[in-house]
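Data from input.cif: mmCIF, C-alpha atoms
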data_data
#
loop_
_atom_site.label_atom_id
_atom_site.label_comp_id
_atom_site.auth_asym_id
_atom_site.auth_seq_id
_atom_site.Cartn_x
_atom_site.Cartn_y
_atom_site.Cartn_z
CA MET A 1 86.68 197.56 120.17
CA SER A 2 83.11 198.46 119.28
CA VAL A 3 80.30 196.69 121.11
CA THR A 4 77.89 197.22 118.28
CA GLY A 5 79.21 194.28 116.26
CA GLN A 6 78.75 190.64 117.20
CA THR A 7 82.48 190.14 117.84
CA GLY A 8 82.62 193.13 120.17
CA ALA A 9 79.49 192.01 122.00
CA ASP A 10 80.90 188.49 122.42
CA GLN A 11 84.18 189.79 123.75
CA LEU A 12 82.44 192.12 126.19
CA ARG A 13 80.27 189.23 127.39
CA GLN A 14 83.36 187.10 127.96
CA TYR A 15 85.05 189.81 130.04
CA ILE A 16 81.88 190.35 132.06
CA GLU A 17 81.38 186.64 132.70
CA ARG A 18 85.01 186.13 133.75
CA ILE A 19 84.68 188.98 136.26
CA GLU A 20 81.35 187.62 137.51
CA ARG A 21 82.91 184.20 138.15
CA LEU A 22 85.78 185.76 140.11
CA GLU A 23 83.38 187.98 142.05
CA GLU A 24 81.40 184.84 142.93
CA GLU A 25 84.58 183.15 144.19
CA LYS A 26 85.36 186.28 146.19
CA ARG A 27 81.92 186.18 147.82
CA GLY A 28 82.55 182.52 148.71
CA LEU A 29 85.84 183.39 150.39
CA MET A 30 84.24 186.27 152.27
CA ALA A 31 81.54 183.89 153.54
CA ASP A 32 84.25 181.43 154.64
CA ILE A 33 86.04 184.22 156.50
CA ARG A 34 82.81 185.26 158.21
CA ASP A 35 82.25 181.63 159.24
CA ILE A 36 85.68 181.41 160.86
CA TYR A 37 85.09 184.61 162.84
CA ALA A 38 81.72 183.22 163.94
CA GLU A 39 83.30 179.93 164.99
CA ALA A 40 86.06 181.74 166.87
CA LYS A 41 83.49 183.94 168.61
CA ALA A 42 81.49 180.87 169.63
CA THR A 43 84.73 179.49 171.10
CA GLY A 44 85.16 182.68 173.13
CA PHE A 45 87.47 184.84 171.01
CA GLU A 46 86.51 188.42 170.14
CA PRO A 47 86.32 188.97 166.34
CA LYS A 48 86.87 192.73 166.64
CA ILE A 49 90.21 192.19 168.36
CA MET A 50 91.12 189.35 165.95
CA ARG A 51 90.70 191.83 163.08
CA GLN A 52 93.07 194.21 164.85
CA ILE A 53 95.59 191.37 165.29
CA ILE A 54 95.43 190.50 161.58
CA LYS A 55 96.00 194.14 160.69
CA ILE A 56 98.95 194.35 163.12
CA ARG A 57 100.52 191.11 161.80
CA GLY A 58 100.35 192.52 158.29
CA MET A 59 102.19 195.72 159.19
CA ASP A 60 105.85 196.54 158.76
CA LYS A 61 107.54 196.06 162.16
CA ASP A 62 109.13 199.51 162.25
CA ILE A 63 105.89 201.25 161.30
CA LEU A 64 104.05 199.21 163.94
CA ALA A 65 106.58 200.21 166.63
CA GLU A 66 106.30 203.86 165.58
CA GLU A 67 102.50 203.82 165.63
CA ASP A 68 102.37 201.97 168.97
CA MET A 69 104.66 204.60 170.48
CA LEU A 70 102.67 207.51 169.07
CA LEU A 71 99.38 206.01 170.22
CA THR A 72 100.73 205.59 173.75
CA THR A 73 102.09 209.14 173.69
CA TYR A 74 98.80 210.61 172.47
CA ARG A 75 96.71 208.59 174.93
CA ASP A 76 98.98 209.68 177.73
CA ALA A 77 98.83 213.33 176.62
CA LEU A 78 95.05 213.24 176.74
CA GLY A 79 94.83 211.42 180.03
CA LEU A 80 93.45 208.25 178.48
CA PRO A 81 94.48 205.08 180.28
CA THR A 82 97.53 203.27 178.89
CA GLU A 83 98.72 199.85 179.90
CA MET B 84 88.43 180.01 175.66
CA SER B 85 91.23 181.83 177.41
CA VAL B 86 94.21 182.97 175.36
CA THR B 87 96.49 182.93 178.36
CA GLY B 88 97.04 179.17 178.21
CA GLN B 89 99.01 177.41 175.50
CA THR B 90 95.93 175.64 174.13
CA GLY B 91 94.02 178.91 173.83
CA ALA B 92 96.96 180.65 172.17
CA ASP B 93 97.35 177.76 169.70
CA GLN B 94 93.68 177.81 168.82
CA LEU B 95 93.71 181.58 168.37
CA ARG B 96 96.77 181.30 166.11
CA GLN B 97 95.01 178.67 164.00
CA TYR B 98 91.95 180.86 163.53
CA ILE B 99 94.12 183.86 162.65
CA GLU B 100 96.21 181.88 160.15
CA ARG B 101 93.14 180.38 158.46
CA ILE B 102 91.69 183.86 158.03
CA GLU B 103 95.02 185.21 156.75
CA ARG B 104 95.19 182.47 154.10
CA LEU B 105 91.65 183.24 152.91
CA GLU B 106 92.38 186.98 152.90
CA GLU B 107 95.44 186.25 150.77
CA GLU B 108 93.30 184.26 148.31
CA LYS B 109 90.82 187.14 148.26
CA ARG B 110 93.59 189.61 147.41
CA GLY B 111 94.65 187.28 144.59
CA LEU B 112 91.13 187.24 143.16
CA MET B 113 90.86 191.01 143.44
CA ALA B 114 94.13 191.35 141.53
CA ASP B 115 92.79 188.98 138.86
CA ILE B 116 89.63 191.07 138.57
CA ARG B 117 91.66 194.27 138.23
CA ASP B 118 93.73 192.59 135.50
CA ILE B 119 90.62 191.70 133.52
CA TYR B 120 89.31 195.26 133.73
CA ALA B 121 92.73 196.52 132.60
CA GLU B 122 92.77 194.07 129.68
CA ALA B 123 89.21 195.04 128.69
CA LYS B 124 90.14 198.72 128.90
CA ALA B 125 93.16 198.12 126.67
CA THR B 126 90.80 196.45 124.20
CA GLY B 127 88.60 199.55 124.21
CA PHE B 128 85.90 198.79 126.77
CA GLU B 129 85.16 201.22 129.60
CA PRO B 130 85.64 199.61 133.06
CA LYS B 131 83.32 202.08 134.79
CA ILE B 132 80.43 201.07 132.53
CA MET B 133 81.37 197.38 132.81
CA ARG B 134 80.97 197.70 136.61
CA GLN B 135 77.51 199.18 136.08
CA ILE B 136 76.64 196.26 133.77
CA ILE B 137 77.75 193.72 136.36
CA LYS B 138 75.65 195.47 139.01
CA ILE B 139 72.64 195.52 136.65
CA ARG B 140 73.02 191.83 135.72
CA GLY B 141 73.00 190.96 139.42
CA MET B 142 69.75 192.81 140.11
CA ASP B 143 66.26 191.40 140.37
CA LYS B 144 64.51 192.12 137.05
CA ASP B 145 61.47 193.82 138.60
CA ILE B 146 63.58 196.03 140.82
CA LEU B 147 65.75 196.93 137.82
CA ALA B 148 62.68 197.89 135.77
CA GLU B 149 61.34 199.97 138.66
CA GLU B 150 64.64 201.78 139.19
CA ASP B 151 65.13 202.39 135.47
CA MET B 152 61.67 203.92 135.29
CA LEU B 153 62.23 206.12 138.35
CA LEU B 154 65.62 207.26 137.11
CA THR B 155 64.11 208.29 133.77
CA THR B 156 61.26 210.04 135.55
CA TYR B 157 63.60 211.95 137.88
CA ARG B 158 65.99 212.89 135.07
CA ASP B 159 63.07 214.12 133.00
CA ALA B 160 61.64 216.08 135.96
CA LEU B 161 64.96 217.89 136.42
CA GLY B 162 65.49 218.53 132.72
CA LEU B 163 68.44 216.13 132.47
CA PRO B 164 68.78 214.48 129.10
CA THR B 165 67.21 211.03 128.77
CA GLU B 166 67.65 208.65 125.89
#

Can the structure in the file be given as structure tokens, please?
Amino acid sequence: MSVTGQTGADQLRQYIERIERLEEEKRGLMADIRDIYAEAKATGFEPKIMRQIIKIRGMDKDILAEEDMLLTTYRDALGLPTE
Amino acid sequence: MSVTGQTGADQLRQYIERIERLEEEKRGLMADIRDIYAEAKATGFEPKIMRQIIKIRGMDKDILAEEDMLLTTYRDALGLPTE
């Protein structure tokens, strides 16, 4: 597809505008997410730890168990406190 | 808000689940955007340049003009080809 013709230019514009609309929606969702973290923080929850929880909940259980074990092992090996 | 009580735990879970739903929607939009770039590429348009166009269309006109001018000046100063 050449962009030098009118048809090519129109098609390019349509692709660009579709992406721009979706990017706008994405920005809206990201603002909504920020608002929830802010609301949770105002309620007394710590956003940084909430982000860790969301990451953990999205992980495969076996991989999570493996990583938890390794982290404890490494912390212990380096004399860092472990629970 | 303490998370040790049932009320705190419930509220935390609600915040987390709301964020997870929005993150899921965001992933859906990002997949849609990738699909459009793929479709445009299959049609013969170059996604890398489309991304530059979207960035340019989102810029303030004066800042764009300033940056275009500086880029041309710098390219010229270093002997890089300019149009």

Would you kindly translate the PyMOL selection byres ((chain A and resi 27-31) around 8) into the concrete residues it picks from this file, as a list in words?
Glu23, Glu24, Glu25, Lys26, Asp32, Ile33, Arg34 and Asp35 of chain A; Leu105, Glu106, Glu108 and Lys109 of chain B

Who sits within 12 Å of A:Ile49, all atoms listed in the file, same chain under 4 positions skipped, as an MDAnalysis selection string:
(chainID A and resid 37 40:41 44:45 53:56) or (chainID B and resid 95 99)

To one decimal in Å, tell me the separation between atom CA of B:Leu154 and atom CA of A:Gln14.
28.4 Å

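For the atom pair formed by atom CA of B:Arg104 and atom CA of B:Gln89, the distance is 22.3 Å, given to one decimal.
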
Go through A:Ala42, A:Ile19, A:Leu64, A:Leu70 one by one, measure the shortest atom-to-atom distance of each to chain B using only C-alpha atoms, and give the residue with the smallest value.
A:Ile19

May I ask which of the residues B:Thr165, B:Thr155, B:Thr90, B:Ser85 is the closest one to chain A, counting only C-alpha atoms?
B:Ser85

I'm after chain B in the frame of chain A: fit it by least squares over all Cα atoms matched in order, and give me the output as an mmCIF file with C-alpha atoms, in the frame of the given file.
data_model
loop_
_atom_site.group_PDB
_atom_site.id
_atom_site.type_symbol
_atom_site.label_atom_id
_atom_site.label_comp_id
_atom_site.auth_asym_id
_atom_site.auth_seq_id
_atom_site.Cartn_x
_atom_site.Cartn_y
_atom_site.Cartn_z
ATOM 1 C CA MET B 84 86.615 197.522 120.117
ATOM 2 C CA SER B 85 83.055 198.404 119.245
ATOM 3 C CA VAL B 86 80.248 196.650 121.097
ATOM 4 C CA THR B 87 77.829 197.184 118.258
ATOM 5 C CA GLY B 88 79.160 194.252 116.236
ATOM 6 C CA GLN B 89 78.708 190.619 117.196
ATOM 7 C CA THR B 90 82.428 190.112 117.825
ATOM 8 C CA GLY B 91 82.577 193.107 120.158
ATOM 9 C CA ALA B 92 79.460 191.999 122.025
ATOM 10 C CA ASP B 93 80.876 188.470 122.411
ATOM 11 C CA GLN B 94 84.168 189.766 123.726
ATOM 12 C CA LEU B 95 82.422 192.101 126.158
ATOM 13 C CA ARG B 96 80.252 189.216 127.392
ATOM 14 C CA GLN B 97 83.352 187.085 127.956
ATOM 15 C CA TYR B 98 85.036 189.789 130.013
ATOM 16 C CA ILE B 99 81.868 190.341 132.048
ATOM 17 C CA GLU B 100 81.383 186.615 132.696
ATOM 18 C CA ARG B 101 85.016 186.115 133.735
ATOM 19 C CA ILE B 102 84.687 188.964 136.219
ATOM 20 C CA GLU B 103 81.358 187.610 137.500
ATOM 21 C CA ARG B 104 82.921 184.191 138.150
ATOM 22 C CA LEU B 105 85.807 185.750 140.095
ATOM 23 C CA GLU B 106 83.400 187.973 142.041
ATOM 24 C CA GLU B 107 81.425 184.850 142.921
ATOM 25 C CA GLU B 108 84.604 183.148 144.182
ATOM 26 C CA LYS B 109 85.393 186.282 146.183
ATOM 27 C CA ARG B 110 81.951 186.201 147.810
ATOM 28 C CA GLY B 111 82.575 182.548 148.688
ATOM 29 C CA LEU B 112 85.865 183.408 150.383
ATOM 30 C CA MET B 113 84.265 186.286 152.261
ATOM 31 C CA ALA B 114 81.566 183.920 153.515
ATOM 32 C CA ASP B 115 84.264 181.462 154.616
ATOM 33 C CA ILE B 116 86.055 184.243 156.487
ATOM 34 C CA ARG B 117 82.829 185.295 158.208
ATOM 35 C CA ASP B 118 82.255 181.659 159.213
ATOM 36 C CA ILE B 119 85.678 181.439 160.831
ATOM 37 C CA TYR B 120 85.091 184.627 162.812
ATOM 38 C CA ALA B 121 81.704 183.251 163.905
ATOM 39 C CA GLU B 122 83.283 179.945 164.957
ATOM 40 C CA ALA B 123 86.060 181.762 166.850
ATOM 41 C CA LYS B 124 83.475 183.969 168.551
ATOM 42 C CA ALA B 125 81.488 180.899 169.591
ATOM 43 C CA THR B 126 84.707 179.517 171.069
ATOM 44 C CA GLY B 127 85.140 182.702 173.099
ATOM 45 C CA PHE B 128 87.444 184.864 170.993
ATOM 46 C CA GLU B 129 86.495 188.439 170.112
ATOM 47 C CA PRO B 130 86.309 188.999 166.311
ATOM 48 C CA LYS B 131 86.879 192.749 166.600
ATOM 49 C CA ILE B 132 90.211 192.188 168.349
ATOM 50 C CA MET B 133 91.106 189.355 165.951
ATOM 51 C CA ARG B 134 90.713 191.847 163.064
ATOM 52 C CA GLN B 135 93.090 194.220 164.843
ATOM 53 C CA ILE B 136 95.587 191.356 165.276
ATOM 54 C CA ILE B 137 95.431 190.500 161.583
ATOM 55 C CA LYS B 138 96.011 194.154 160.687
ATOM 56 C CA ILE B 139 98.959 194.325 163.117
ATOM 57 C CA ARG B 140 100.526 191.094 161.801
ATOM 58 C CA GLY B 141 100.385 192.532 158.285
ATOM 59 C CA MET B 142 102.215 195.728 159.232
ATOM 60 C CA ASP B 143 105.869 196.558 158.782
ATOM 61 C CA LYS B 144 107.556 196.065 162.175
ATOM 62 C CA ASP B 145 109.143 199.529 162.300
ATOM 63 C CA ILE B 146 105.923 201.265 161.362
ATOM 64 C CA LEU B 147 104.079 199.210 163.988
ATOM 65 C CA ALA B 148 106.600 200.206 166.672
ATOM 66 C CA GLU B 149 106.327 203.858 165.642
ATOM 67 C CA GLU B 150 102.526 203.827 165.691
ATOM 68 C CA ASP B 151 102.387 201.976 169.009
ATOM 69 C CA MET B 152 104.686 204.575 170.527
ATOM 70 C CA LEU B 153 102.683 207.500 169.132
ATOM 71 C CA LEU B 154 99.397 205.995 170.255
ATOM 72 C CA THR B 155 100.732 205.591 173.797
ATOM 73 C CA THR B 156 102.095 209.126 173.732
ATOM 74 C CA TYR B 157 98.801 210.606 172.503
ATOM 75 C CA ARG B 158 96.718 208.578 174.961
ATOM 76 C CA ASP B 159 98.984 209.678 177.786
ATOM 77 C CA ALA B 160 98.835 213.328 176.647
ATOM 78 C CA LEU B 161 95.028 213.250 176.751
ATOM 79 C CA GLY B 162 94.837 211.411 180.062
ATOM 80 C CA LEU B 163 93.459 208.220 178.498
ATOM 81 C CA PRO B 164 94.468 205.076 180.311
ATOM 82 C CA THR B 165 97.517 203.265 178.933
ATOM 83 C CA GLU B 166 98.711 199.840 179.928
#

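The smallest atom-to-atom distance between chain B and any of A:Glu46, A:Arg13, A:Ile36, A:Gly5, using all atoms listed in the file, is found for A:Ile36.
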
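Across the structure, atom CA of A:Ile63 and atom CA of B:Glu103 are spaced 19.9 Å apart.
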
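Of the listed residues A:Thr73, A:Asp10, A:Thr43, A:Ala38, the one whose atoms come nearest to chain B is A:Thr43, with distances taken using all atoms listed in the file.
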